>>> print(open('target-v6.txt').read())   # compact mmCIF, C-alpha atoms
# COMPACT_ATOMS: atom_id res chain seq x y z
CA MET A 1 1.77 28.70 -3.68
CA ARG A 2 2.99 25.47 -2.14
CA SER A 3 4.93 23.18 -4.49
CA HIS A 4 5.57 19.45 -4.16
CA ARG A 5 7.97 17.46 -6.34
CA ILE A 6 6.67 14.01 -7.23
CA ALA A 7 8.73 11.19 -8.73
CA SER A 8 6.47 9.11 -10.98
CA ILE A 9 7.53 5.49 -11.65
CA PRO A 10 4.69 3.77 -13.56
CA ALA A 11 6.85 0.67 -14.29
CA ASP A 12 5.07 -2.44 -15.58
CA GLY A 13 1.76 -3.94 -16.70
CA ILE A 14 -1.21 -1.77 -15.80
CA GLY A 15 1.09 0.52 -13.81
CA PRO A 16 1.40 3.12 -16.61
CA GLU A 17 -2.40 3.05 -17.15
CA VAL A 18 -3.36 3.68 -13.52
CA ILE A 19 -0.53 6.10 -12.74
CA SER A 20 -1.45 8.17 -15.80
CA ALA A 21 -5.03 8.22 -14.52
CA GLY A 22 -3.84 9.14 -11.05
CA LEU A 23 -1.76 12.05 -12.31
CA GLU A 24 -4.80 13.30 -14.20
CA VAL A 25 -6.97 13.41 -11.07
CA LEU A 26 -4.10 14.90 -9.07
CA ASP A 27 -3.88 17.70 -11.62
CA ALA A 28 -7.64 18.22 -11.32
CA ILE A 29 -7.60 18.43 -7.53
CA ALA A 30 -4.55 20.73 -7.53
CA SER A 31 -6.27 23.04 -10.04
CA ARG A 32 -9.46 23.07 -7.96
CA ASP A 33 -7.67 23.64 -4.67
CA GLY A 34 -5.48 26.44 -6.01
CA GLY A 35 -3.14 26.39 -3.03
CA PHE A 36 -0.49 24.00 -4.30
CA ARG A 37 1.07 22.64 -7.45
CA LEU A 38 2.74 19.33 -8.26
CA ALA A 39 5.97 19.17 -10.23
CA VAL A 40 6.26 15.65 -11.65
CA ASP A 41 9.49 13.95 -12.67
CA HIS A 42 8.91 10.86 -14.83
CA TYR A 43 11.14 7.76 -14.62
CA ASP A 44 10.87 4.91 -17.14
CA TRP A 45 12.31 2.27 -14.83
CA GLY A 46 10.98 -1.27 -14.73
CA SER A 47 11.06 -4.41 -16.84
CA ASP A 48 11.57 -2.61 -20.17
CA HIS A 49 14.58 -0.87 -18.63
CA TYR A 50 15.84 -4.27 -17.45
CA ARG A 51 15.60 -5.77 -20.94
CA LYS A 52 17.65 -2.89 -22.35
CA HIS A 53 20.20 -2.37 -19.58
CA GLY A 54 20.19 -5.48 -17.38
CA VAL A 55 18.93 -3.56 -14.34
CA LEU A 56 15.48 -2.28 -13.39
CA MET A 57 16.78 1.13 -12.35
CA PRO A 58 20.14 2.90 -12.72
CA ALA A 59 22.83 2.53 -10.09
CA ASP A 60 22.22 6.14 -9.02
CA GLY A 61 18.45 5.65 -8.88
CA LEU A 62 18.10 6.38 -5.18
CA GLU A 63 20.14 9.56 -5.53
CA ARG A 64 17.85 10.74 -8.32
CA LEU A 65 14.80 10.09 -6.14
CA ARG A 66 16.23 11.61 -2.97
CA GLY A 67 15.14 15.14 -3.83
CA ALA A 68 11.50 14.17 -4.33
CA ASP A 69 8.84 14.98 -1.75
CA ALA A 70 7.07 11.69 -2.55
CA ILE A 71 7.24 8.81 -5.01
CA TYR A 72 4.16 7.69 -6.97
CA PHE A 73 4.72 4.07 -8.01
CA GLY A 74 2.71 1.82 -10.31
CA ALA A 75 3.59 -1.88 -10.26
CA VAL A 76 6.59 -4.05 -11.09
CA GLY A 77 6.67 -7.50 -12.61
CA ALA A 78 6.60 -9.17 -16.02
CA PRO A 79 5.80 -12.71 -17.19
CA ASP A 80 9.23 -13.20 -18.80
CA ILE A 81 11.30 -12.04 -15.81
CA PRO A 82 11.38 -13.93 -12.48
CA ASP A 83 9.35 -12.13 -9.82
CA HIS A 84 12.21 -12.08 -7.33
CA VAL A 85 14.36 -10.28 -9.89
CA THR A 86 11.82 -7.52 -10.51
CA LEU A 87 10.84 -7.10 -6.85
CA TRP A 88 14.42 -6.94 -5.57
CA GLY A 89 15.49 -4.85 -8.54
CA LEU A 90 13.15 -1.90 -8.04
CA ARG A 91 10.52 -1.75 -5.32
CA LEU A 92 12.41 -3.27 -2.40
CA PRO A 93 15.64 -1.30 -2.99
CA ILE A 94 13.58 1.89 -2.78
CA CYS A 95 11.68 0.79 0.34
CA GLN A 96 14.79 -0.42 2.12
CA GLY A 97 17.15 2.23 0.75
CA PHE A 98 14.91 4.99 2.09
CA ASP A 99 14.01 3.07 5.27
CA GLN A 100 10.30 3.26 4.52
CA TYR A 101 9.64 1.01 7.47
CA ALA A 102 5.87 1.53 7.80
CA ASN A 103 3.63 0.11 5.11
CA VAL A 104 0.17 1.62 5.59
CA ARG A 105 -2.88 -0.08 4.05
CA PRO A 106 -6.35 1.33 4.76
CA THR A 107 -9.31 -0.82 3.81
CA ARG A 108 -13.01 0.00 3.77
CA ILE A 109 -16.05 -0.73 1.66
CA LEU A 110 -16.61 2.24 -0.64
CA PRO A 111 -20.14 3.43 -1.50
CA GLY A 112 -21.59 1.45 -4.38
CA VAL A 113 -19.17 -1.43 -3.90
CA THR A 114 -20.45 -4.83 -2.76
CA SER A 115 -18.34 -6.90 -0.41
CA PRO A 116 -18.24 -10.68 -0.90
CA LEU A 117 -18.99 -10.89 2.81
CA ARG A 118 -22.68 -11.62 3.24
CA ASP A 119 -24.63 -8.59 4.49
CA ALA A 120 -21.42 -6.60 5.10
CA GLY A 121 -21.74 -2.83 4.82
CA PRO A 122 -19.43 0.17 5.27
CA ASP A 123 -19.78 0.08 9.05
CA ASP A 124 -18.68 -3.56 9.18
CA LEU A 125 -15.29 -3.17 7.56
CA ASP A 126 -13.12 -0.12 8.15
CA TRP A 127 -9.58 -1.23 8.89
CA LEU A 128 -6.05 0.14 8.89
CA ILE A 129 -3.34 -2.49 8.48
CA ILE A 130 0.21 -1.49 9.43
CA ARG A 131 2.89 -3.71 7.93
CA GLU A 132 6.49 -3.75 9.14
CA ASN A 133 8.25 -2.91 5.91
CA SER A 134 12.01 -3.10 6.41
CA GLU A 135 12.99 -6.43 7.92
CA GLY A 136 11.25 -9.61 9.10
CA GLU A 137 10.66 -12.28 6.48
CA TYR A 138 11.65 -9.92 3.63
CA ALA A 139 15.02 -8.97 5.07
CA GLY A 140 16.75 -10.61 2.12
CA HIS A 141 19.13 -12.74 4.20
CA GLY A 142 19.83 -16.37 3.46
CA GLY A 143 21.26 -18.32 0.57
CA ARG A 144 21.51 -21.51 -1.44
CA ALA A 145 24.27 -24.10 -1.50
CA HIS A 146 24.98 -27.31 -3.47
CA ARG A 147 22.69 -26.15 -6.28
CA GLY A 148 21.27 -28.94 -8.41
CA LEU A 149 22.46 -31.69 -6.09
CA PRO A 150 20.23 -33.88 -3.90
CA GLU A 151 21.63 -32.17 -0.82
CA GLU A 152 20.84 -28.67 -2.13
CA VAL A 153 19.82 -26.38 0.72
CA ALA A 154 18.11 -22.99 0.76
CA THR A 155 17.72 -20.75 3.79
CA GLU A 156 15.51 -17.69 4.20
CA VAL A 157 16.34 -15.89 7.42
CA ALA A 158 13.69 -13.68 9.01
CA ILE A 159 15.34 -10.88 10.96
CA PHE A 160 13.60 -9.08 13.80
CA THR A 161 15.42 -6.32 15.66
CA ARG A 162 14.29 -4.63 18.83
CA VAL A 163 14.58 -1.20 17.24
CA GLY A 164 12.61 -2.37 14.18
CA VAL A 165 9.79 -3.93 16.18
CA GLU A 166 9.59 -1.09 18.70
CA ARG A 167 9.33 1.60 16.04
CA ILE A 168 6.62 -0.15 14.01
CA MET A 169 4.72 -0.95 17.20
CA ARG A 170 4.78 2.69 18.32
CA TYR A 171 3.73 3.81 14.86
CA ALA A 172 0.81 1.37 14.95
CA PHE A 173 -0.29 2.50 18.41
CA ASP A 174 -0.07 6.13 17.25
CA CYS A 175 -2.26 5.29 14.23
CA ALA A 176 -4.76 3.46 16.44
CA ARG A 177 -4.86 6.39 18.84
CA ALA A 178 -5.78 8.71 15.95
CA ARG A 179 -8.78 6.58 14.93
CA PRO A 180 -12.18 6.80 16.67
CA ARG A 181 -12.16 3.29 18.15
CA ARG A 182 -8.59 3.46 19.48
CA HIS A 183 -8.08 -0.28 19.24
CA LEU A 184 -5.07 -2.23 17.94
CA THR A 185 -4.73 -5.93 17.13
CA VAL A 186 -1.19 -7.32 17.16
CA VAL A 187 -0.87 -10.30 14.80
CA THR A 188 1.95 -12.86 15.05
CA LYS A 189 2.55 -16.61 14.91
CA SER A 190 4.39 -16.80 18.20
CA ASN A 191 3.17 -20.27 19.08
CA ALA A 192 5.28 -21.72 16.26
CA GLN A 193 7.90 -19.01 15.72
CA ARG A 194 9.19 -18.97 19.25
CA PHE A 195 12.04 -16.50 18.97
CA GLY A 196 11.39 -13.50 16.72
CA LEU A 197 7.64 -13.44 17.18
CA VAL A 198 7.73 -14.10 20.90
CA MET A 199 9.90 -10.98 20.98
CA TRP A 200 7.15 -9.23 18.99
CA ASP A 201 4.63 -10.18 21.67
CA GLU A 202 6.89 -9.00 24.46
CA ILE A 203 7.62 -5.67 22.78
CA ALA A 204 3.92 -5.18 22.01
CA ALA A 205 3.07 -5.54 25.69
CA SER A 206 5.88 -3.16 26.67
CA VAL A 207 4.88 -0.46 24.17
CA ALA A 208 1.19 -0.86 25.02
CA ALA A 209 1.95 0.38 28.52
CA GLU A 210 2.83 3.75 26.96
CA TYR A 211 -0.66 3.99 25.42
CA PRO A 212 -3.21 3.54 28.23
CA ASP A 213 -5.87 5.20 26.06
CA VAL A 214 -5.55 2.52 23.35
CA THR A 215 -7.04 -0.93 23.88
CA TRP A 216 -5.27 -3.85 22.24
CA ASP A 217 -5.42 -7.58 21.73
CA LYS A 218 -3.31 -10.34 20.15
CA GLU A 219 -4.19 -12.81 17.42
CA LEU A 220 -2.34 -15.62 15.67
CA VAL A 221 -2.22 -14.99 11.94
CA ASP A 222 -4.21 -18.07 10.98
CA ALA A 223 -6.94 -17.19 13.46
CA MET A 224 -6.86 -13.62 12.15
CA THR A 225 -7.91 -14.72 8.67
CA MET A 226 -11.02 -16.31 10.16
CA ARG A 227 -11.72 -13.28 12.31
CA MET A 228 -11.52 -10.98 9.29
CA VAL A 229 -14.22 -13.01 7.58
CA ARG A 230 -16.47 -13.89 10.51
CA LYS A 231 -16.06 -10.90 12.84
CA PRO A 232 -14.98 -7.90 10.75
CA ARG A 233 -16.55 -5.42 13.18
CA SER A 234 -14.12 -6.56 15.89
CA ILE A 235 -11.16 -5.19 13.91
CA ASP A 236 -9.92 -1.61 13.67
CA THR A 237 -6.13 -1.13 13.42
CA VAL A 238 -3.81 -4.08 12.83
CA VAL A 239 -0.02 -4.44 13.02
CA ALA A 240 1.85 -7.46 11.70
CA THR A 241 5.14 -8.59 10.22
CA ASN A 242 6.24 -7.95 6.67
CA LEU A 243 4.95 -11.29 5.35
CA HIS A 244 1.84 -11.67 7.50
CA ALA A 245 0.54 -8.16 6.83
CA ASP A 246 1.28 -8.55 3.13
CA ILE A 247 -1.05 -11.55 3.01
CA LEU A 248 -3.69 -10.16 5.37
CA SER A 249 -3.97 -6.88 3.49
CA ASP A 250 -4.67 -8.69 0.21
CA LEU A 251 -7.44 -10.61 1.96
CA ALA A 252 -8.72 -7.32 3.36
CA ALA A 253 -8.81 -5.76 -0.11
CA ALA A 254 -10.72 -8.74 -1.50
CA LEU A 255 -13.23 -8.54 1.35
CA ALA A 256 -13.72 -4.84 0.60
CA GLY A 257 -14.58 -5.66 -3.00
CA SER A 258 -11.42 -5.88 -5.11
CA LEU A 259 -7.64 -5.56 -5.13
CA GLY A 260 -8.32 -2.83 -7.67
CA ILE A 261 -9.37 -0.35 -4.99
CA ALA A 262 -6.65 -0.90 -2.37
CA PRO A 263 -3.93 1.72 -1.73
CA THR A 264 -0.56 1.59 0.03
CA GLY A 265 1.87 4.03 1.52
CA ASN A 266 5.49 3.00 2.14
CA VAL A 267 6.27 5.59 4.75
CA ASP A 268 9.35 6.91 6.48
CA PRO A 269 7.61 8.41 9.54
CA GLN A 270 10.72 10.42 10.41
CA ARG A 271 10.62 12.04 6.94
CA ARG A 272 14.35 11.65 6.43
CA HIS A 273 13.67 10.32 2.93
CA PRO A 274 10.81 10.46 0.42
CA SER A 275 7.96 8.05 1.07
CA MET A 276 6.51 5.96 -1.74
CA PHE A 277 2.82 5.44 -2.55
CA GLU A 278 1.46 2.62 -4.71
CA PRO A 279 -1.69 0.63 -5.41
CA ILE A 280 -1.35 -2.94 -4.17
CA HIS A 281 -2.82 -4.76 -7.17
CA GLY A 282 0.42 -5.55 -8.99
CA SER A 283 1.15 -5.43 -12.70
CA ALA A 284 -1.89 -7.53 -13.76
CA PHE A 285 -0.60 -8.50 -17.18
CA ASP A 286 -3.79 -10.46 -17.83
CA ILE A 287 -5.66 -7.19 -18.39
CA THR A 288 -2.81 -4.90 -19.48
CA GLY A 289 -3.70 -2.75 -22.47
CA GLN A 290 -7.41 -3.60 -22.39
CA GLY A 291 -8.40 -0.27 -20.84
CA ILE A 292 -10.34 -1.89 -17.98
CA ALA A 293 -7.85 -1.60 -15.11
CA ASN A 294 -9.47 -0.13 -12.01
CA PRO A 295 -7.86 3.25 -11.29
CA VAL A 296 -9.53 3.67 -7.88
CA ALA A 297 -6.55 2.16 -6.03
CA SER A 298 -4.24 4.70 -7.69
CA PHE A 299 -6.67 7.51 -6.78
CA TRP A 300 -6.88 6.42 -3.14
CA THR A 301 -3.09 6.05 -3.16
CA ALA A 302 -2.84 9.61 -4.50
CA ALA A 303 -5.04 10.76 -1.62
CA LEU A 304 -2.69 9.07 0.87
CA MET A 305 0.21 10.86 -0.81
CA LEU A 306 -1.56 14.22 -0.55
CA GLU A 307 -2.21 13.63 3.16
CA HIS A 308 1.48 12.85 3.65
CA LEU A 309 2.37 16.10 1.86
CA GLY A 310 0.10 18.07 4.20
CA GLU A 311 -2.66 18.66 1.65
CA ARG A 312 -5.44 17.16 3.78
CA GLU A 313 -8.31 19.15 2.28
CA ALA A 314 -7.29 18.13 -1.23
CA ALA A 315 -6.96 14.50 -0.13
CA ALA A 316 -10.45 14.58 1.38
CA GLY A 317 -11.83 16.23 -1.76
CA LEU A 318 -10.29 13.58 -3.96
CA MET A 319 -11.76 10.75 -1.87
CA THR A 320 -15.18 12.42 -1.84
CA ALA A 321 -15.11 12.49 -5.64
CA VAL A 322 -14.08 8.81 -5.77
CA GLU A 323 -16.93 7.87 -3.43
CA GLN A 324 -19.44 9.84 -5.51
CA VAL A 325 -18.38 8.06 -8.68
CA CYS A 326 -18.48 4.62 -7.07
CA ALA A 327 -21.88 5.35 -5.53
CA ALA A 328 -23.16 6.34 -8.99
CA GLY A 329 -22.27 2.86 -10.26
CA ILE A 330 -19.42 3.93 -12.53
CA LEU A 331 -17.33 0.85 -11.84
CA THR A 332 -14.80 -1.24 -13.74
CA PRO A 333 -15.40 -4.98 -14.40
CA ASP A 334 -13.53 -6.17 -11.28
CA LEU A 335 -16.31 -4.50 -9.27
CA GLY A 336 -19.09 -5.83 -11.48
CA GLY A 337 -19.37 -2.75 -13.67
CA THR A 338 -18.76 -2.01 -17.34
CA ALA A 339 -16.82 1.26 -17.17
CA THR A 340 -13.35 1.64 -18.63
CA THR A 341 -10.31 3.11 -16.90
CA LYS A 342 -10.76 6.35 -18.85
CA GLU A 343 -14.48 6.58 -18.06
CA VAL A 344 -13.87 6.25 -14.32
CA THR A 345 -11.06 8.78 -14.52
CA ARG A 346 -13.19 11.29 -16.43
CA ALA A 347 -16.01 10.83 -13.93
CA VAL A 348 -13.74 11.44 -10.94
CA CYS A 349 -12.23 14.54 -12.56
CA ALA A 350 -15.75 15.84 -13.30
CA ALA A 351 -16.79 15.20 -9.69
CA ILE A 352 -13.73 17.08 -8.47
CA ARG A 353 -14.46 20.08 -10.66
CA GLY A 354 -18.17 19.98 -9.83
CA ALA A 355 -17.43 20.13 -6.11
CA ASN A 356 -16.13 23.64 -6.60
CA THR A 357 -19.27 24.99 -8.33
>>> encode(input="target-v6.txt", output="structure tokens")
Amino acid sequence: MRSHRIASIPADGIGPEVISAGLEVLDAIASRDGGFRLAVDHYDWGSDHYRKHGVLMPADGLERLRGADAIYFGAVGAPDIPDHVTLWGLRLPICQGFDQYANVRPTRILPGVTSPLRDAGPDDLDWLIIRENSEGEYAGHGGRAHRGLPEEVATEVAIFTRVGVERIMRYAFDCARARPRRHLTVVTKSNAQRFGLVMWDEIAASVAAEYPDVTWDKELVDAMTMRMVRKPRSIDTVVATNLHADILSDLAAALAGSLGIAPTGNVDPQRRHPSMFEPIHGSAFDITGQGIANPVASFWTAALMLEHLGEREAAAGLMTAVEQVCAAGILTPDLGGTATTKEVTRAVCAAIRGANT
């Protein structure tokens, strides 16, 4: 029997609620499939760890995670700790430390879910957004000087390297090639950012020549937001910088119905290090502990993780169960329903088990 070691980091807010639900459905699909098992290591890192120890994860955290086949991550952030402290204390050190340079965010309208876009259906919105995940605007370079004085200055340096842009561009073209429409949209802001993002445009054109079977176009990020709303059918696969794709993928999730259904994979395509999979909704402290957090994003994230581990049939089975439950109207309040986290989880587990009878 195949075995996969998973590092579970629920972290903050609704993270423990949705990761617990995700592990439950993963156990159900592994039991149904019968061909693999998941060995789960649990890590209590996050804001509680920070309050006790002054750090969000131990100094040897990456070494502890290195032996995992994948990382299943919840959300990080707390109202009493600055967001930049929590983000740079846990999630980003893992992404950058393991060079998870491709952030993969699929978006589509699930059965039973209503998009805020008028008359939009499943065929109108089926996107894959590829986010450069290691440099760009989130490179972490810059600083502040003369703090508290009128002449205080802060710099935030976006870093774009040829190797970084080329590798994410090739990854995006490969993803586009694997999808039925074989079309890629390259998003930048090269009219205003005339150095790094002009280089993005140039590298995109150069890499595109290696993919004659993939059509592609360019869009400025502000125009892309309008295109996503007004012409969703024109979009298939998208590649953008760390910041731009972060924003666009949240818009995409909202257009598909809710942030509560959107998954993410932080992927090292070379598989030198474990990749990390997480829902994109954040810690959502406004609903923490109420039992109404939408677990669908964590389920879809779990399916992405299974695909990465080579368990494609199990991933497909899990998503089929999720779609059946959504189509049956078993939805949490963010999608207009009345179901609780546990009720959705039980329904998905039942659908998984029923698929084998």
>>> residues_around(input="target-v6.txt", residues="Arg108 of chain A", least_positions_apart="5", cutoff="9 Å", atoms="all atoms listed in the file", output="ChimeraX atom specification")
/A:122-128,252-253,255-257,262
>>> residues_around(input="target-v6.txt", residues="Ala145 of chain A", least_positions_apart="4", cutoff="10 Å", atoms="all atoms listed in the file", output="PDB file with C-alpha atoms, keeping the file's coordinate frame")
ATOM      1  CA  LEU A 149      22.460 -31.690  -6.090  1.00  0.00           C
ATOM      2  CA  GLU A 151      21.630 -32.170  -0.820  1.00  0.00           C
ATOM      3  CA  GLU A 152      20.840 -28.670  -2.130  1.00  0.00           C
ATOM      4  CA  VAL A 153      19.820 -26.380   0.720  1.00  0.00           C
ATOM      5  CA  ALA A 154      18.110 -22.990   0.760  1.00  0.00           C
ATOM      6  CA  THR A 155      17.720 -20.750   3.790  1.00  0.00           C
TER       7      THR A 155
END
>>> closest_residue(input="target-v6.txt", among="A:Met319, A:Ile129, A:Val348, A:Met199", to="Ala245 of chain A", atoms="all atoms listed in the file")
A:Ile129
>>> atom_distance(input="target-v6.txt", atom1="atom CA of Tyr72 of chain A", atom2="atom CA of Ala327 of chain A")
26.2 Å
>>> residues_near_point(input="target-v6.txt", point="(-5.8, -8.9, 19.1)", cutoff="9 Å", atoms="all atoms listed in the file", output="PyMOL selection string")
chain A and resi 183-187+216-220+224+235+238
>>> residues_around(input="target-v6.txt", residues="Gly329 of chain A", least_positions_apart="3", cutoff="12 Å", atoms="all atoms listed in the file", output="VMD selection string")
chain A and resid 110 to 114 322 to 326 332 to 333 335 to 339 343 to 344 347
>>> closest_residue(input="target-v6.txt", among="A:Ala328, A:Ala350, A:Ala75, A:Ile109", to="Glu17 of chain A", atoms="all atoms listed in the file")
A:Ala75
